[in-house]
>>> print(open('protein.cif').read())   # mmCIF, C-alpha atoms and all ligand atoms
data_work
loop_
_atom_site.label_atom_id
_atom_site.label_comp_id
_atom_site.auth_asym_id
_atom_site.auth_seq_id
_atom_site.Cartn_x
_atom_site.Cartn_y
_atom_site.Cartn_z
CA MET D 24 -170.68 -126.41 -94.01
CA GLU D 25 -172.03 -129.88 -94.63
CA CYS D 26 -175.35 -129.39 -92.84
CA VAL D 27 -178.33 -130.30 -95.04
CA ILE D 28 -180.45 -127.59 -93.47
CA CYS D 29 -177.86 -124.82 -93.81
CA ASN D 30 -177.20 -126.06 -97.34
CA LYS D 31 -180.90 -125.82 -98.16
CA ASN D 32 -181.03 -129.35 -99.53
CA PHE D 33 -184.73 -129.37 -98.76
CA GLU D 34 -185.66 -125.95 -100.04
CA ASN D 35 -188.89 -127.33 -101.50
CA ASN D 36 -190.09 -128.23 -98.00
CA ILE D 37 -189.80 -124.69 -96.66
CA LEU D 38 -193.06 -123.11 -95.54
CA PHE D 39 -191.61 -119.97 -94.00
CA GLU D 40 -188.21 -118.55 -93.23
CA ASP D 41 -186.72 -115.36 -91.92
CA ASP D 42 -183.37 -114.39 -90.46
CA LYS D 43 -184.02 -116.33 -87.23
CA ILE D 44 -186.10 -119.43 -87.94
CA ILE D 45 -187.06 -121.84 -90.73
CA ILE D 46 -190.41 -123.66 -90.73
CA MET D 47 -190.68 -126.61 -93.06
CA LEU D 48 -192.50 -129.81 -93.89
CA ALA D 49 -190.57 -132.51 -92.07
CA VAL D 50 -187.66 -133.92 -94.03
CA GLU D 51 -188.62 -137.41 -92.88
CA PRO D 52 -192.29 -137.15 -91.92
CA SER D 53 -193.79 -139.52 -89.36
CA VAL D 54 -197.34 -138.46 -90.12
CA ASN D 55 -199.07 -136.33 -92.74
CA GLY D 56 -198.67 -132.71 -91.60
CA HIS D 57 -195.45 -133.26 -89.64
CA ILE D 58 -193.63 -129.91 -89.41
CA GLN D 59 -190.14 -128.98 -88.23
CA ILE D 60 -188.85 -125.67 -86.92
CA PHE D 61 -185.14 -124.99 -87.29
CA SER D 62 -182.95 -122.13 -86.15
CA ARG D 63 -181.55 -120.17 -89.08
CA GLU D 64 -178.12 -120.17 -87.50
CA HIS D 65 -176.53 -123.58 -87.22
CA HIS D 66 -176.88 -125.11 -83.76
CA THR D 67 -176.51 -128.81 -83.24
CA ILE D 68 -178.41 -129.32 -80.01
CA LEU D 69 -180.86 -127.52 -77.77
CA GLU D 70 -178.28 -126.41 -75.24
CA GLN D 71 -176.49 -124.32 -77.84
CA VAL D 72 -179.46 -122.29 -79.00
CA PRO D 73 -179.41 -118.70 -77.70
CA GLN D 74 -182.36 -117.88 -75.48
CA ASP D 75 -184.04 -115.39 -77.83
CA ILE D 76 -183.90 -117.82 -80.75
CA LEU D 77 -185.23 -120.67 -78.62
CA ASN D 78 -188.12 -118.44 -77.56
CA LEU D 79 -188.95 -117.70 -81.19
CA MET D 80 -188.82 -121.41 -81.97
CA VAL D 81 -191.12 -122.49 -79.13
CA ASN D 82 -193.58 -119.72 -79.87
CA ALA D 83 -193.60 -120.78 -83.47
CA ALA D 84 -194.26 -124.35 -82.29
CA ASN D 85 -197.32 -123.15 -80.41
CA LYS D 86 -198.64 -121.23 -83.38
CA ILE D 87 -198.03 -124.17 -85.69
CA SER D 88 -199.94 -126.38 -83.23
CA ILE D 89 -202.92 -124.06 -83.43
CA ILE D 90 -202.69 -123.92 -87.22
CA LEU D 91 -202.72 -127.72 -87.38
CA PHE D 92 -205.72 -127.87 -85.05
CA GLU D 93 -207.52 -125.44 -87.31
CA LEU D 94 -206.45 -126.29 -90.83
CA LEU D 95 -206.01 -130.04 -90.58
CA LYS D 96 -208.70 -130.45 -87.93
CA VAL D 97 -206.47 -132.71 -85.89
CA HIS D 98 -207.25 -133.82 -82.34
CA GLY D 99 -203.88 -133.16 -80.79
CA THR D 100 -200.23 -132.36 -81.41
CA ASN D 101 -196.94 -133.66 -80.11
CA ILE D 102 -194.02 -131.28 -79.69
CA ILE D 103 -190.75 -133.19 -79.74
CA VAL D 104 -187.07 -132.30 -79.54
CA ASN D 105 -184.73 -135.23 -79.98
CA ASN D 106 -181.40 -134.17 -78.62
CA GLY D 107 -178.57 -136.37 -79.83
CA VAL D 108 -178.34 -139.26 -82.27
CA PRO D 109 -179.20 -141.96 -79.69
CA ALA D 110 -182.35 -139.92 -78.94
CA GLY D 111 -183.37 -140.24 -82.57
CA GLN D 112 -182.02 -136.92 -83.85
CA LYS D 113 -181.76 -137.48 -87.59
CA ILE D 114 -180.24 -134.20 -88.70
CA PRO D 115 -177.39 -132.62 -86.71
CA HIS D 116 -179.16 -129.26 -86.73
CA VAL D 117 -181.49 -128.70 -83.78
CA SER D 118 -185.22 -128.80 -84.56
CA ILE D 119 -188.58 -128.74 -82.85
CA ASP D 120 -190.91 -131.29 -84.41
CA ILE D 121 -194.65 -130.78 -84.41
CA LEU D 122 -196.72 -133.87 -85.15
CA PRO D 123 -200.45 -133.56 -85.75
CA ARG D 124 -202.34 -136.37 -84.04
CA ARG D 125 -205.70 -137.98 -84.61
CA THR D 126 -207.44 -140.37 -82.27
CA GLU D 127 -207.32 -143.13 -84.88
CA ASP D 128 -203.78 -142.61 -86.21
CA ASN D 129 -202.23 -145.68 -84.50
CA LEU D 130 -199.04 -143.77 -83.85
CA LYS D 131 -197.51 -145.07 -80.65
CA LEU D 132 -195.16 -142.45 -79.26
CA ASP D 133 -195.79 -142.64 -75.54
CA TRP D 134 -194.41 -145.13 -73.11
CA THR D 135 -195.94 -147.62 -70.71
CA LEU D 136 -196.57 -146.17 -67.29
CA LYS D 137 -194.53 -148.03 -64.77
CA GLN D 138 -194.03 -146.67 -61.30
CA ALA D 139 -190.42 -146.41 -60.17
CA PRO D 140 -189.53 -147.80 -56.73
CA PRO D 141 -189.20 -144.95 -54.19
CA GLU D 142 -185.54 -145.88 -53.49
CA ALA D 143 -184.68 -145.54 -57.17
CA LEU D 144 -186.31 -142.10 -57.32
CA ASP D 145 -184.51 -141.05 -54.15
CA SER D 146 -181.15 -142.04 -55.48
CA ILE D 147 -181.67 -140.31 -58.86
CA HIS D 148 -182.93 -137.25 -57.03
CA ARG D 149 -179.74 -137.15 -54.97
CA ILE D 150 -177.53 -137.51 -58.03
CA ILE D 151 -179.34 -134.75 -59.91
CA GLU D 152 -179.38 -132.39 -56.91
CA GLU D 153 -175.71 -132.96 -56.40
CA GLY D 154 -175.02 -132.28 -60.05
CA MET D 155 -177.09 -129.14 -60.01
CA SER D 156 -175.29 -127.77 -57.01
CA LYS D 157 -172.23 -127.47 -59.21
CA SER D 158 -172.15 -123.95 -60.55
CA ASP D 159 -171.28 -124.86 -64.14
CA ILE D 160 -174.61 -126.61 -64.58
CA ILE D 161 -176.91 -124.02 -63.14
CA ALA D 162 -175.78 -121.22 -65.43
CA VAL D 163 -176.74 -122.13 -68.98
CA THR D 164 -176.18 -118.62 -70.24
CA ASP D 165 -175.65 -117.58 -73.84
CA ASP D 166 -171.91 -117.22 -73.05
CA LYS D 167 -171.87 -120.82 -71.93
CA LYS D 168 -173.53 -121.86 -75.17
CA GLU D 169 -170.74 -120.31 -77.16
CA GLU D 170 -168.35 -122.42 -75.12
CA PHE D 171 -170.29 -125.59 -75.89
CA LYS D 172 -170.08 -124.78 -79.57
CA LYS D 173 -166.34 -124.36 -79.37
CA GLU D 174 -166.01 -127.55 -77.36
CA ILE D 175 -167.74 -129.53 -80.08
CA LYS D 176 -165.62 -128.00 -82.81
CA GLU D 177 -162.45 -128.76 -80.90
CA GLU D 178 -163.56 -132.32 -80.36
CA LYS D 179 -164.05 -132.77 -84.07
CA VAL D 180 -160.52 -131.58 -84.74
CA GLU D 181 -159.27 -133.91 -82.07
CA GLU D 182 -161.08 -136.84 -83.64
CA SER D 183 -159.54 -136.21 -87.02
CA ASN D 184 -156.13 -136.32 -85.39
CA ASP D 185 -156.82 -139.94 -84.49
CA GLN D 186 -156.61 -139.42 -80.80
CA PRO D 187 -157.97 -142.25 -78.71
CA ARG D 188 -161.64 -141.84 -77.86
CA GLU D 189 -161.14 -142.62 -74.21
CA LYS D 190 -159.36 -139.35 -73.71
CA LYS D 191 -162.39 -137.36 -74.60
CA THR D 192 -163.87 -135.49 -71.71
CA ASN D 193 -166.55 -133.64 -73.61
CA TYR D 194 -169.82 -135.45 -73.10
CA TYR D 195 -171.45 -133.56 -75.95
CA GLN D 196 -169.36 -135.40 -78.44
CA GLN D 197 -170.94 -138.72 -77.56
CA LEU D 198 -174.36 -137.36 -78.46
CA PHE D 199 -173.38 -137.70 -82.09
CA GLU D 200 -171.61 -140.98 -82.10
CA ARG D 201 -173.54 -143.85 -83.50
CA THR D 202 -172.69 -147.21 -82.09
CA PRO D 203 -171.55 -149.47 -84.92
CA MET U 15 -215.56 -136.49 -51.90
CA VAL U 16 -217.82 -134.20 -53.83
CA GLU U 17 -216.05 -134.75 -57.14
CA LYS U 18 -216.99 -138.41 -57.24
CA GLU U 19 -220.66 -137.57 -57.32
CA ILE U 20 -220.29 -135.77 -60.63
CA SER U 21 -221.63 -138.00 -63.36
CA GLU U 22 -220.80 -137.81 -67.01
CA GLU U 23 -224.29 -136.42 -67.49
CA ASP U 24 -223.47 -133.58 -65.08
CA LEU U 25 -220.26 -132.90 -66.93
CA LYS U 26 -222.12 -132.60 -70.18
CA ASN U 27 -224.31 -129.90 -68.74
CA MET U 28 -221.42 -127.89 -67.37
CA SER U 29 -219.91 -124.95 -69.16
CA ALA U 30 -216.31 -125.04 -70.31
CA GLU U 31 -215.39 -122.64 -67.52
CA GLU U 32 -217.00 -124.82 -64.89
CA ILE U 33 -215.17 -127.89 -66.13
CA ALA U 34 -211.89 -126.01 -66.27
CA GLU U 35 -212.43 -124.83 -62.70
CA LEU U 36 -213.21 -128.38 -61.59
CA GLN U 37 -210.09 -129.62 -63.30
CA LYS U 38 -207.99 -127.01 -61.59
CA GLN U 39 -209.36 -127.88 -58.17
CA ASN U 40 -208.56 -131.52 -58.72
CA CYS U 41 -205.30 -131.08 -60.52
CA ILE U 42 -202.43 -133.06 -59.03
CA PHE U 43 -199.86 -130.83 -60.67
CA CYS U 44 -201.39 -127.64 -59.25
CA LYS U 45 -201.21 -129.33 -55.85
CA ILE U 46 -197.60 -130.30 -56.40
CA ALA U 47 -196.82 -126.69 -57.38
CA SER U 48 -198.47 -125.41 -54.22
CA LYS U 49 -196.69 -128.13 -52.18
CA GLU U 50 -199.96 -129.68 -51.07
CA ILE U 51 -198.75 -132.94 -52.58
CA PRO U 52 -195.11 -133.90 -52.11
CA ALA U 53 -192.86 -134.55 -55.11
CA LYS U 54 -189.17 -134.94 -55.85
CA ILE U 55 -188.51 -131.33 -56.80
CA VAL U 56 -185.37 -130.89 -58.84
CA HIS U 57 -185.61 -127.18 -59.56
CA GLU U 58 -188.10 -124.32 -59.45
CA ASP U 59 -188.48 -120.63 -60.12
CA SER U 60 -191.35 -118.20 -59.62
CA ASP U 61 -193.40 -119.64 -62.51
CA CYS U 62 -192.19 -123.17 -63.16
CA ILE U 63 -191.33 -126.32 -61.30
CA CYS U 64 -189.27 -129.36 -62.34
CA ILE U 65 -189.92 -132.70 -60.65
CA LEU U 66 -188.99 -136.33 -61.13
CA ASP U 67 -191.73 -138.28 -62.88
CA ILE U 68 -192.82 -141.16 -60.65
CA ASN U 69 -193.63 -143.16 -63.80
CA PRO U 70 -190.39 -142.60 -65.66
CA ALA U 71 -189.96 -143.47 -69.33
CA SER U 72 -186.29 -143.78 -68.43
CA GLU U 73 -184.24 -143.24 -65.30
CA GLY U 74 -183.99 -139.50 -64.62
CA HIS U 75 -187.26 -138.55 -66.36
CA ILE U 76 -188.16 -134.98 -65.38
CA LEU U 77 -191.44 -133.06 -65.76
CA VAL U 78 -191.23 -129.31 -66.31
CA PHE U 79 -194.51 -127.48 -65.84
CA PRO U 80 -195.96 -124.05 -65.07
CA LYS U 81 -197.18 -123.47 -61.52
CA LYS U 82 -200.31 -121.92 -62.94
CA HIS U 83 -202.85 -124.25 -64.47
CA TYR U 84 -202.86 -124.40 -68.27
CA MET U 85 -204.28 -127.37 -70.08
CA ILE U 86 -202.18 -127.45 -73.24
CA MET U 87 -199.05 -125.71 -74.48
CA PRO U 88 -200.85 -123.32 -76.87
CA HIS U 89 -202.60 -121.86 -73.81
CA VAL U 90 -199.35 -120.91 -72.10
CA PRO U 91 -198.45 -117.20 -72.45
CA GLU U 92 -195.18 -116.36 -74.18
CA ASP U 93 -193.28 -115.22 -71.10
CA ILE U 94 -194.15 -118.35 -69.12
CA LEU U 95 -193.37 -120.56 -72.12
CA ALA U 96 -189.95 -118.95 -72.41
CA LYS U 97 -189.30 -119.72 -68.75
CA MET U 98 -190.48 -123.29 -69.19
CA PHE U 99 -188.05 -123.91 -72.01
CA LYS U 100 -185.22 -122.26 -70.13
CA ASN U 101 -185.91 -124.89 -67.49
CA VAL U 102 -186.16 -127.61 -70.13
CA GLU U 103 -182.75 -126.66 -71.40
CA LEU U 104 -181.34 -126.63 -67.90
CA MET U 105 -182.85 -130.05 -67.16
CA SER U 106 -181.58 -131.55 -70.40
CA HIS U 107 -178.15 -130.16 -69.69
CA THR U 108 -178.22 -131.50 -66.15
CA LEU U 109 -179.27 -134.98 -67.26
CA LEU U 110 -176.55 -135.10 -69.89
CA LYS U 111 -173.94 -134.06 -67.38
CA THR U 112 -175.00 -136.08 -64.36
CA LEU U 113 -176.46 -139.32 -65.69
CA GLN U 114 -175.09 -141.97 -67.97
CA CYS U 115 -177.10 -141.03 -71.00
CA ARG U 116 -176.38 -140.22 -74.60
CA GLY U 117 -179.09 -137.81 -75.41
CA THR U 118 -182.37 -136.43 -74.17
CA THR U 119 -185.87 -136.21 -75.54
CA VAL U 120 -188.19 -133.29 -74.91
CA PHE U 121 -191.80 -134.38 -75.34
CA VAL U 122 -195.11 -132.56 -75.06
CA ALA U 123 -198.55 -134.04 -75.72
CA ASN U 124 -201.31 -131.56 -76.50
CA GLY U 125 -204.60 -133.40 -76.21
CA VAL U 126 -205.64 -136.92 -75.30
CA ALA U 127 -205.14 -138.06 -78.91
CA ALA U 128 -201.49 -137.09 -78.58
CA GLY U 129 -201.09 -139.10 -75.38
CA GLN U 130 -201.80 -136.38 -72.83
CA ARG U 131 -202.69 -138.01 -69.52
CA ALA U 132 -203.27 -135.08 -67.19
CA PRO U 133 -205.11 -131.84 -67.90
CA HIS U 134 -202.11 -129.71 -66.86
CA VAL U 135 -199.47 -129.00 -69.51
CA LEU U 136 -196.28 -131.00 -68.86
CA ILE U 137 -192.99 -130.96 -70.69
CA HIS U 138 -191.27 -134.32 -70.40
CA VAL U 139 -187.48 -134.31 -70.45
CA PHE U 140 -185.89 -137.73 -70.24
CA PRO U 141 -182.51 -139.34 -70.80
CA ARG U 142 -182.01 -141.46 -73.88
CA ARG U 143 -179.79 -144.45 -74.25
CA GLU U 144 -178.91 -146.47 -77.32
CA ASN U 145 -181.75 -148.79 -78.41
CA ASP U 146 -184.01 -147.82 -75.53
CA GLY U 147 -187.06 -148.16 -77.79
CA LEU U 148 -188.55 -144.86 -76.63
CA VAL U 149 -190.39 -142.35 -78.85
CA GLN U 150 -189.74 -144.12 -82.13
CA LEU U 151 -190.75 -141.85 -84.97
CA PRO U 152 -191.93 -144.08 -87.84
CA LYS U 153 -191.46 -143.10 -91.43
CA TYR U 154 -194.57 -141.96 -93.23
CA GLU U 155 -194.28 -142.22 -96.99
CA MET U 156 -195.71 -139.28 -98.86
CA ASN U 157 -195.89 -138.94 -102.62
CA ASP U 158 -195.20 -135.69 -104.45
CA GLU U 159 -198.87 -135.00 -104.87
CA GLN U 160 -199.54 -135.30 -101.15
CA ILE U 161 -196.59 -133.09 -100.37
CA SER U 162 -197.61 -130.34 -102.75
CA LYS U 163 -201.20 -130.52 -101.55
CA LEU U 164 -200.10 -130.16 -97.95
CA LYS U 165 -197.74 -127.37 -98.83
CA SER U 166 -200.35 -125.42 -100.75
CA LEU U 167 -202.72 -125.76 -97.84
CA LEU U 168 -200.28 -124.69 -95.14
CA LYS U 169 -197.89 -122.25 -96.79
CA PRO U 170 -200.17 -119.28 -97.53
CA TYR U 171 -201.53 -119.42 -94.03
CA ILE U 172 -198.20 -119.83 -92.31
CA THR U 173 -196.80 -116.98 -94.38
CA GLN U 174 -199.59 -114.74 -93.15
CA VAL U 175 -199.25 -115.81 -89.56
CA PHE U 176 -195.53 -115.39 -89.43
CA GLY U 177 -195.72 -112.08 -91.23
CA GLY U 178 -193.45 -111.70 -94.23
CA LYS U 179 -189.75 -111.37 -93.79
CA LYS U 180 -189.69 -110.04 -90.25
CA SER U 181 -189.02 -112.24 -87.28
CA THR U 182 -191.41 -110.41 -85.00
CA ILE U 183 -194.63 -112.35 -85.01
CA LYS U 184 -197.68 -110.18 -85.06
CA GLU U 185 -199.95 -111.84 -82.58
CA ALA U 186 -202.91 -109.58 -83.17
CA GLU U 187 -202.85 -110.02 -86.89
CA PHE U 188 -202.49 -113.75 -86.38
CA ILE U 189 -205.65 -113.86 -84.33
CA GLU U 190 -207.61 -111.73 -86.82
CA LYS U 191 -206.61 -113.98 -89.67
CA LYS U 192 -207.43 -117.02 -87.62
CA ASN U 193 -211.00 -115.91 -87.02
CA GLU U 194 -211.53 -115.10 -90.66
CA LYS U 195 -210.23 -118.51 -91.57
CA ILE U 196 -212.49 -120.26 -89.11
CA GLU U 197 -215.51 -118.56 -90.64
CA GLU U 198 -214.37 -119.49 -94.10
CA ASP U 199 -214.08 -123.09 -93.04
CA ILE U 200 -217.57 -123.15 -91.67
CA VAL U 201 -218.98 -121.77 -94.92
CA ASN U 202 -216.94 -124.24 -96.92
CA GLU U 203 -218.17 -127.16 -94.95
CA GLU U 204 -221.78 -126.10 -95.45
CA VAL U 205 -222.55 -127.65 -92.13
CA VAL U 206 -222.98 -125.38 -89.19
CA LYS U 207 -224.00 -127.68 -86.44
CA GLU U 208 -224.51 -126.41 -82.96
CA LEU U 209 -222.97 -128.90 -80.62
CA LYS U 210 -224.46 -128.77 -77.20
CA ASN U 211 -221.45 -130.35 -75.57
CA ASP U 212 -218.57 -128.59 -77.15
CA ASN U 213 -215.17 -129.97 -76.66
CA VAL U 214 -213.65 -128.21 -73.70
CA GLU U 215 -210.15 -128.11 -74.98
CA GLU U 216 -211.14 -126.86 -78.38
CA LYS U 217 -213.40 -124.27 -76.90
CA ASP U 218 -210.71 -123.08 -74.55
CA LEU U 219 -208.29 -122.87 -77.37
CA LYS U 220 -210.61 -120.77 -79.41
CA LYS U 221 -211.37 -118.54 -76.49
CA ASN U 222 -207.73 -118.03 -75.85
CA LEU U 223 -207.18 -117.10 -79.43
CA LYS U 224 -209.99 -114.64 -79.30
CA LYS U 225 -208.86 -112.92 -76.16
CA LYS U 226 -207.26 -110.05 -77.97
CA SER U 227 -209.85 -110.00 -80.68
CA THR U 228 -213.09 -108.03 -80.64
CA ASP U 229 -215.81 -108.84 -78.17
CA ASN U 230 -218.68 -109.01 -80.61
CA LYS U 231 -217.62 -112.44 -81.74
CA ASN U 232 -218.63 -114.04 -78.48
CA ASN U 233 -221.79 -115.57 -79.82
CA GLU U 234 -219.92 -117.47 -82.43
CA ASP U 235 -218.13 -119.79 -80.08
CA LYS U 236 -220.49 -122.63 -80.75
CA LYS U 237 -220.55 -122.20 -84.46
CA GLU U 238 -216.81 -122.41 -84.55
CA ILE U 239 -216.71 -125.95 -83.32
CA SER U 240 -216.44 -128.13 -86.31
CA LYS U 241 -218.60 -131.18 -86.70
CA ASP U 242 -215.86 -133.76 -86.63
CA LYS U 243 -214.93 -133.18 -83.02
CA ASN U 244 -217.41 -135.65 -81.60
CA LYS U 245 -214.87 -138.32 -81.08
CA GLU U 246 -212.45 -136.10 -79.28
CA LYS U 247 -215.16 -134.65 -77.13
CA LYS U 248 -216.13 -138.05 -75.93
CA LEU U 249 -212.58 -138.98 -75.15
CA ASP U 250 -212.09 -135.78 -73.26
CA LEU U 251 -215.16 -136.32 -71.16
CA ASP U 252 -214.11 -139.87 -70.42
CA ASP U 253 -210.74 -138.61 -69.46
CA ILE U 254 -212.10 -135.93 -67.21
CA SER U 255 -214.41 -138.30 -65.41
CA ARG U 256 -211.61 -140.80 -65.04
CA LEU U 257 -209.47 -138.12 -63.44
CA PHE U 258 -212.24 -137.27 -61.04
CA GLY U 259 -212.99 -140.87 -60.19
ZN ZN M 1 -203.08 -127.86 -62.78
#
>>> encode(input="protein.cif", output="structure tokens")
Amino acid sequence: MECVICNKNFENNILFEDDKIIIMLAVEPSVNGHIQIFSREHHTILEQVPQDILNLMVNAANKISIILFELLKVHGTNIIVNNGVPAGQKIPHVSIDILPRRTEDNLKLDWTLKQAPPEALDSIHRIIEEGMSKSDIIAVTDDKKEEFKKEIKEEKVEESNDQPREKKTNYYQQLFERTP
Amino acid sequence: MVEKEISEEDLKNMSAEEIAELQKQNCIFCKIASKEIPAKIVHEDSDCICILDINPASEGHILVFPKKHYMIMPHVPEDILAKMFKNVELMSHTLLKTLQCRGTTVFVANGVAAGQRAPHVLIHVFPRRENDGLVQLPKYEMNDEQISKLKSLLKPYITQVFGGKKSTIKEAEFIEKKNEKIEEDIVNEEVVKELKNDNVEEKDLKKNLKKKSTDNKNNEDKKEISKDKNKEKKLDLDDISRLFG
């Protein structure tokens, strides 16, 4: 396993760990007090994390938020999951990031509010509704997650066999491709 | 409308409960949940609703939120939070499968300082594309001394809160420890100022934490507010009045 989290490359950052979750000082902090919560078991992205583990992770995120409010006297927190390399995921092991915020920290994480034209919203709404009506999307069960995991593994094998990329049907794979 | 006649001065004289109640009555997201205000609903269950954000960070931006009014994520009870994230996962999955995107970001802002714009907790789920410039996490350089200082501050406390080697988190114990810690802090700071206009959010948070704790701590609410919250308080009040205006 080449994962830096599973390998414990950052053991010194660990604040707490048990058989389900790992809480640590962020590997690449964006602000002083930046904390990351990882699943003990290796999962690459959110959709693969079993429900009970995800619940432990999000509850931990809430408790860490409160701890940061109290101990660091911060004015707010951001809870962020970046899912996929293009979304800024730096480590291919799913994490929930908790960033303490202060009113004067000059961190610009939010986006400019710009209202979408009603037609654009309508058309996206239709596409999403259509997609959701397909049964394979609605049921993100733990069984399904196992399948996703296998799909990713198979894709990796495929890639090493030098098969052309165009043939890939698994959209998860592209979450981890960096454009050159 | 009655709300518009409430001045900042009035707000200052209101209790946290009164302000929370006012917020709830005027909350757009509560009205969307109750279908008083129309929205592009993508999915819903008994406790949560997922809608398209009319001010999308990127095309396909979805908001997942509880139907019941909670201001920030730490206020949301565990069972509702679990449902919210089940929806988040479903939404992320849907976006990845239906739209031309190469990732998703899940984003929550707790507090105005974190970029929270409405007093109803919202989980943003939006598609990401290469070089879209969204949610750029800068690198913050920390030296070894800073790291070890931070670690020694957080680790003992986190170890207590998350309770040894077991994965079951003892909520009650967590709250007890929390209150002890707050008192310690106050003593350490040697400044116990009574703020007349306590920060609503902070006060709510504390109250929430105390729910399962003993009742005889009620009088300490004000003492618990630390002195450096003035700035936030002002921002919150501004924000509240802006939302009412
Ligand atoms: Zn509301």
>>> residues_near_ligand(input="protein.cif", ligand="ligand ZN 1 (chain M)", cutoff="8 Å", atoms="only C-alpha atoms and all ligand atoms", output="CSV table (one decimal) with C-alpha atoms, in the coordinates of the input")
chain,number,residue,atom,x,y,z
U,37,GLN,CA,-210.1,-129.6,-63.3
U,38,LYS,CA,-208.0,-127.0,-61.6
U,39,GLN,CA,-209.4,-127.9,-58.2
U,40,ASN,CA,-208.6,-131.5,-58.7
U,41,CYS,CA,-205.3,-131.1,-60.5
U,42,ILE,CA,-202.4,-133.1,-59.0
U,43,PHE,CA,-199.9,-130.8,-60.7
U,44,CYS,CA,-201.4,-127.6,-59.2
U,45,LYS,CA,-201.2,-129.3,-55.8
U,81,LYS,CA,-197.2,-123.5,-61.5
U,82,LYS,CA,-200.3,-121.9,-62.9
U,83,HIS,CA,-202.8,-124.2,-64.5
U,84,TYR,CA,-202.9,-124.4,-68.3
U,85,MET,CA,-204.3,-127.4,-70.1
U,133,PRO,CA,-205.1,-131.8,-67.9
U,134,HIS,CA,-202.1,-129.7,-66.9
U,135,VAL,CA,-199.5,-129.0,-69.5
>>> atom_distance(input="protein.cif", atom1="CA of Val50 (chain D)", atom2="CA of Pro152 (chain U)")
12.6 Å
>>> closest_residue(input="protein.cif", among="U:Ala71, U:Leu104, U:Ile65, U:Met98", to="Thr135 (chain D)", atoms="all atoms listed in the file")
U:Ala71
>>> closest_atom_pairs(input="protein.cif", of="region 79-175 of chain U", to="region 27-46 of chain D", cutoff="10 Å", atoms="all atoms listed in the file", output="tab-separated table")
residue	atom	partner	partner_atom	distance
U:Ile161	CA	D:Asn36	CA	8.5
U:Ser162	CA	D:Asn36	CA	9.1
U:Lys165	CA	D:Leu38	CA	7.1
U:Ser166	CA	D:Leu38	CA	9.3
U:Leu168	CA	D:Leu38	CA	7.4
U:Lys169	CA	D:Leu38	CA	5.1
U:Pro170	CA	D:Leu38	CA	8.3
U:Tyr171	CA	D:Leu38	CA	9.4
U:Ile172	CA	D:Phe39	CA	6.8
U:Thr173	CA	D:Phe39	CA	6.0
U:Gln174	CA	D:Phe39	CA	9.6
U:Val175	CA	D:Phe39	CA	9.8
